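One file, target15.cif, carrying mmCIF, C-alpha atoms:
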```cif
data_entry
#
loop_
_atom_site.label_atom_id
_atom_site.label_comp_id
_atom_site.auth_asym_id
_atom_site.auth_seq_id
_atom_site.Cartn_x
_atom_site.Cartn_y
_atom_site.Cartn_z
CA MET A 1 -8.51 -10.74 -17.31
CA ALA A 2 -10.65 -9.52 -14.45
CA SER A 3 -11.68 -5.89 -14.38
CA SER A 4 -10.25 -3.61 -11.73
CA ILE A 5 -10.68 0.12 -11.33
CA GLY A 6 -7.96 2.41 -10.13
CA ALA A 7 -5.61 5.23 -10.99
CA THR A 8 -2.60 6.92 -9.48
CA ARG A 9 -1.88 10.62 -9.65
CA SER A 10 1.40 12.23 -10.68
CA CYS A 11 2.27 15.71 -9.46
CA GLN A 12 4.98 16.17 -12.09
CA PHE A 13 2.81 16.83 -15.14
CA ARG A 14 -0.33 18.90 -15.28
CA SER A 15 -2.55 20.24 -18.00
CA GLN A 16 -5.37 22.72 -18.00
CA CYS A 17 -8.76 22.10 -19.51
CA ARG A 18 -10.67 24.70 -21.49
CA CYS A 19 -12.47 25.72 -18.27
CA GLY A 20 -9.14 26.66 -16.70
CA LEU A 21 -9.24 23.88 -14.12
CA GLU A 22 -6.11 21.88 -13.42
CA ALA A 23 -5.93 18.38 -14.92
CA PRO A 24 -3.19 16.30 -13.28
CA LEU A 25 -1.51 13.44 -15.10
CA MET A 26 -3.02 10.17 -13.85
CA THR A 27 -2.11 6.54 -14.47
CA SER A 28 -4.81 3.99 -15.20
CA TRP A 29 -4.58 0.60 -13.50
CA THR A 30 -7.65 -0.94 -15.09
CA ASP A 31 -7.21 -4.23 -16.95
CA SER A 32 -8.13 -2.56 -20.24
CA ASN A 33 -5.54 0.25 -19.88
CA PRO A 34 -2.87 -0.78 -17.35
CA GLY A 35 -0.15 1.81 -16.90
CA ARG A 36 -1.64 4.14 -19.51
CA ARG A 37 -1.49 7.80 -18.53
CA PHE A 38 -4.16 10.46 -19.01
CA PHE A 39 -5.14 13.98 -17.98
CA TRP A 40 -8.41 14.26 -16.07
CA VAL A 41 -10.11 17.03 -14.11
CA TRP A 42 -11.38 15.52 -10.86
CA ASP A 43 -11.81 16.32 -7.19
CA VAL A 44 -10.34 14.47 -4.21
CA GLN A 45 -13.29 12.06 -4.10
CA GLY A 46 -12.67 11.11 -7.75
CA ASN A 47 -15.76 12.91 -9.01
CA VAL A 48 -15.92 15.11 -12.08
CA MET A 49 -15.04 18.65 -10.99
CA VAL A 50 -17.72 21.32 -10.78
CA GLN A 51 -16.65 24.98 -10.81
CA GLY A 52 -19.47 27.39 -10.07
CA HIS A 53 -22.26 26.20 -12.34
CA LYS A 54 -19.87 24.64 -14.90
CA ARG A 55 -19.38 20.89 -14.88
CA CYS A 56 -16.02 19.90 -16.35
CA SER A 57 -15.45 16.46 -17.84
CA HIS A 58 -12.00 17.07 -19.35
CA PHE A 59 -10.32 13.75 -20.15
CA VAL A 60 -7.39 13.27 -22.57
CA TRP A 61 -5.13 10.26 -23.03
CA TYR A 62 -1.43 11.15 -22.69
CA ASP A 63 -0.09 7.78 -23.89
CA ASP A 64 -1.00 5.65 -26.87
CA GLU A 65 -2.90 2.44 -26.18
CA LEU A 66 -0.71 -0.54 -25.31
CA SER A 67 -0.63 -3.73 -27.35
CA SER A 68 -2.55 -6.73 -26.05
CA ARG A 69 0.77 -8.47 -25.29
CA ALA A 70 1.97 -5.53 -23.19
CA LYS A 71 -1.35 -5.55 -21.30
CA GLU A 72 -0.96 -9.30 -20.62
CA ILE A 73 2.57 -8.80 -19.30
CA ILE A 74 1.55 -5.92 -17.03
CA TYR A 75 -1.43 -7.92 -15.76
CA SER A 76 0.82 -10.91 -15.04
CA LEU A 77 3.37 -8.72 -13.23
CA GLN A 78 0.59 -7.09 -11.17
CA LYS A 79 -0.66 -10.53 -10.08
CA LYS A 80 2.88 -11.59 -9.14
CA LEU A 81 3.32 -8.37 -7.17
CA GLU A 82 0.03 -8.96 -5.33
CA HIS A 83 1.14 -12.52 -4.53
CA GLU A 84 4.53 -11.34 -3.21
CA ARG A 85 2.86 -8.62 -1.12
CA ALA A 86 0.58 -11.25 0.41
CA ARG A 87 3.61 -13.43 1.19
CA LEU A 88 5.37 -10.43 2.75
CA ASP A 89 2.31 -9.64 4.88
CA GLU A 90 2.22 -13.28 6.01
CA ALA A 91 5.94 -13.19 6.88
CA ASN A 92 5.49 -9.91 8.79
CA THR A 93 2.63 -11.49 10.76
CA LYS A 94 4.85 -14.45 11.66
CA VAL A 95 7.67 -12.11 12.71
CA ALA A 96 5.25 -10.21 14.96
CA GLU A 97 4.08 -13.49 16.51
CA VAL A 98 7.68 -14.61 17.16
CA LYS A 99 8.47 -11.22 18.75
CA MET A 100 5.45 -11.56 21.05
CA LYS A 101 6.55 -15.06 22.08
CA LEU A 102 10.11 -13.84 22.63
CA ASN A 103 8.87 -10.99 24.83
CA ALA A 104 6.76 -13.44 26.84
CA MET A 105 9.75 -15.76 27.24
CA ASN A 106 11.93 -12.84 28.37
CA LEU A 107 9.35 -11.85 30.98
CA LEU A 108 9.13 -15.45 32.18
CA MET A 109 12.91 -15.68 32.37
CA LYS A 110 13.16 -12.44 34.36
CA PHE A 111 10.46 -13.70 36.72
CA SER A 112 12.28 -17.04 37.13
CA VAL A 113 15.60 -15.30 37.84
CA SER A 114 13.88 -13.00 40.34
CA MET A 115 12.20 -15.92 42.11
CA THR A 116 15.48 -17.86 42.20
CA LEU A 117 17.20 -14.83 43.72
CA VAL A 118 14.43 -14.43 46.31
CA MET A 119 14.69 -18.10 47.25
CA ALA A 120 18.48 -17.88 47.52
CA VAL A 121 18.26 -14.82 49.74
CA GLY A 122 15.61 -16.58 51.84
CA LEU A 123 17.84 -19.63 52.29
CA VAL A 124 20.80 -17.44 53.26
CA MET A 125 18.63 -15.56 55.76
CA LEU A 126 17.40 -18.85 57.25
CA ASN A 127 20.98 -20.05 57.71
CA VAL A 128 22.05 -16.72 59.23
CA MET A 129 19.14 -16.67 61.68
CA LYS A 130 19.87 -20.19 63.02
#
```

Step by step, read the file and then write its structure as structure tokens.
Amino acid sequence: MASSIGATRSCQFRSQCRCGLEAPLMTSWTDSNPGRRFFWVWDVQGNVMVQGHKRCSHFVWYDDELSSRAKEIIYSLQKKLEHERARLDEANTKVAEVKMKLNAMNLLMKFSVSMTLVMAVGLVMLNVMK
């Protein structure tokens, strides 16, 4: 399995480290720990938090490690999800292209109707002026 780095943050559960800083519950999305939750003190850039002159590196696993089979299943489902998202993006791009073509056709149709109306009025005016 390829290595990927990432985590999501949950606002529901929080812990405090011994420094008194808040440690939100995070979810790992690395290949080695997919879906495994942990508490970690960090700032918005993902760096270890520094309070005053103290550097906090509080990190505690919330969940037990998953079995290798569970990791394989999660990895497989993540790949399927990525594939389906790519297909959805492709379909959305095609829909946008069709909408643009439809708008262009509508403009062309309105122009054609307008020109036909102008020509009809012109013919009527020619006949009236004779």

Practice problem: Using the chain letters and numbering of this document, enumerate as a list in words the residues selected by the PyMOL selection byres ((chain A and resi 65-67) around 9). | Solution: Asn33, Pro34, Gly35, Arg36, Trp61, Asp63, Asp64, Ser68, Arg69, Ala70, Lys71 and Glu72 of chain A

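Reported to one decimal place, the separation of CA of Lys79 (chain A) from CA of Pro24 (chain A) is 27.1 Å.
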
Self-check item: Output check: residues returned by the PyMOL selection byres ((chain A and resi 40) around 8), as a list of chain:residue names
Solution: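 So the PyMOL selection byres ((chain A and resi 40) around 8) ends up selecting A:Ala23, A:Pro24, A:Leu25, A:Met26, A:Phe38, A:Phe39, A:Val41, A:Trp42, A:Ser57, A:His58, A:Phe59, A:Val60.
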
Quiz item: Separation of CA of Asn127 (chain A) and CA of Leu108 (chain A), in Å?
Solution: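 Calculated distance between CA of Asn127 (chain A) and CA of Leu108 (chain A) is 28.5 Å.
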
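The space between CA of Asp31 (chain A) and CA of Tyr75 (chain A) spans 7.0 Å.
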
What would region 82-108 of chain A look like with N, CA, C and O atoms in place, written as a short mmCIF file (atom, residue, chain, number, x, y, z; two decimals), in the frame of the given file?
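So selection24.cif came out as:
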```
data_model
loop_
_atom_site.label_atom_id
_atom_site.label_comp_id
_atom_site.auth_asym_id
_atom_site.auth_seq_id
_atom_site.Cartn_x
_atom_site.Cartn_y
_atom_site.Cartn_z
N GLU A 82 1.05 -8.73 -6.36
CA GLU A 82 0.03 -8.96 -5.33
C GLU A 82 0.36 -10.21 -4.51
O GLU A 82 0.23 -10.22 -3.29
N HIS A 83 0.78 -11.27 -5.21
CA HIS A 83 1.14 -12.52 -4.53
C HIS A 83 2.33 -12.31 -3.58
O HIS A 83 2.31 -12.77 -2.43
N GLU A 84 3.34 -11.59 -4.05
CA GLU A 84 4.53 -11.34 -3.21
C GLU A 84 4.19 -10.44 -2.03
O GLU A 84 4.72 -10.63 -0.93
N ARG A 85 3.29 -9.47 -2.24
CA ARG A 85 2.86 -8.62 -1.12
C ARG A 85 2.12 -9.44 -0.08
O ARG A 85 2.29 -9.22 1.13
N ALA A 86 1.29 -10.37 -0.53
CA ALA A 86 0.58 -11.25 0.41
C ALA A 86 1.57 -12.10 1.18
O ALA A 86 1.42 -12.29 2.40
N ARG A 87 2.59 -12.63 0.50
CA ARG A 87 3.61 -13.43 1.19
C ARG A 87 4.37 -12.58 2.20
O ARG A 87 4.69 -13.04 3.30
N LEU A 88 4.67 -11.33 1.84
CA LEU A 88 5.37 -10.43 2.75
C LEU A 88 4.51 -10.12 3.97
O LEU A 88 5.00 -10.12 5.11
N ASP A 89 3.22 -9.88 3.75
CA ASP A 89 2.31 -9.64 4.88
C ASP A 89 2.27 -10.85 5.81
O ASP A 89 2.28 -10.70 7.04
N GLU A 90 2.23 -12.04 5.22
CA GLU A 90 2.22 -13.28 6.01
C GLU A 90 3.52 -13.41 6.82
O GLU A 90 3.49 -13.75 8.00
N ALA A 91 4.65 -13.12 6.18
CA ALA A 91 5.94 -13.19 6.88
C ALA A 91 5.99 -12.16 8.00
O ALA A 91 6.49 -12.46 9.10
N ASN A 92 5.49 -10.96 7.75
CA ASN A 92 5.49 -9.91 8.79
C ASN A 92 4.61 -10.32 9.97
O ASN A 92 4.94 -10.04 11.13
N THR A 93 3.50 -10.99 9.69
CA THR A 93 2.63 -11.49 10.76
C THR A 93 3.36 -12.52 11.60
O THR A 93 3.31 -12.50 12.84
N LYS A 94 4.08 -13.43 10.94
CA LYS A 94 4.85 -14.45 11.66
C LYS A 94 5.96 -13.82 12.50
O LYS A 94 6.20 -14.23 13.64
N VAL A 95 6.62 -12.81 11.96
CA VAL A 95 7.67 -12.11 12.71
C VAL A 95 7.07 -11.46 13.96
O VAL A 95 7.64 -11.55 15.05
N ALA A 96 5.91 -10.85 13.82
CA ALA A 96 5.25 -10.21 14.96
C ALA A 96 4.89 -11.26 16.02
O ALA A 96 5.05 -11.01 17.22
N GLU A 97 4.40 -12.42 15.57
CA GLU A 97 4.08 -13.49 16.51
C GLU A 97 5.32 -13.98 17.25
O GLU A 97 5.29 -14.20 18.47
N VAL A 98 6.42 -14.16 16.54
CA VAL A 98 7.68 -14.61 17.16
C VAL A 98 8.17 -13.56 18.16
O VAL A 98 8.62 -13.91 19.26
N LYS A 99 8.05 -12.28 17.82
CA LYS A 99 8.47 -11.22 18.75
C LYS A 99 7.63 -11.25 20.02
O LYS A 99 8.16 -11.07 21.12
N MET A 100 6.31 -11.49 19.87
CA MET A 100 5.45 -11.56 21.05
C MET A 100 5.85 -12.75 21.93
O MET A 100 5.93 -12.62 23.16
N LYS A 101 6.13 -13.90 21.30
CA LYS A 101 6.55 -15.06 22.08
C LYS A 101 7.88 -14.82 22.76
O LYS A 101 8.09 -15.21 23.91
N LEU A 102 8.80 -14.15 22.05
CA LEU A 102 10.11 -13.84 22.63
C LEU A 102 9.96 -12.90 23.82
O LEU A 102 10.61 -13.10 24.86
N ASN A 103 9.11 -11.91 23.70
CA ASN A 103 8.87 -10.99 24.83
C ASN A 103 8.29 -11.74 26.02
O ASN A 103 8.68 -11.51 27.17
N ALA A 104 7.35 -12.66 25.76
CA ALA A 104 6.76 -13.44 26.84
C ALA A 104 7.81 -14.32 27.51
O ALA A 104 7.86 -14.44 28.74
N MET A 105 8.68 -14.93 26.69
CA MET A 105 9.75 -15.76 27.24
C MET A 105 10.73 -14.92 28.06
O MET A 105 11.21 -15.37 29.12
N ASN A 106 11.04 -13.72 27.62
CA ASN A 106 11.93 -12.84 28.37
C ASN A 106 11.32 -12.47 29.72
O ASN A 106 12.02 -12.46 30.75
N LEU A 107 10.01 -12.17 29.71
CA LEU A 107 9.35 -11.85 30.98
C LEU A 107 9.37 -13.05 31.92
O LEU A 107 9.63 -12.93 33.12
N LEU A 108 9.11 -14.23 31.37
CA LEU A 108 9.13 -15.45 32.18
C LEU A 108 10.53 -15.71 32.73
O LEU A 108 10.68 -16.08 33.91
#
```
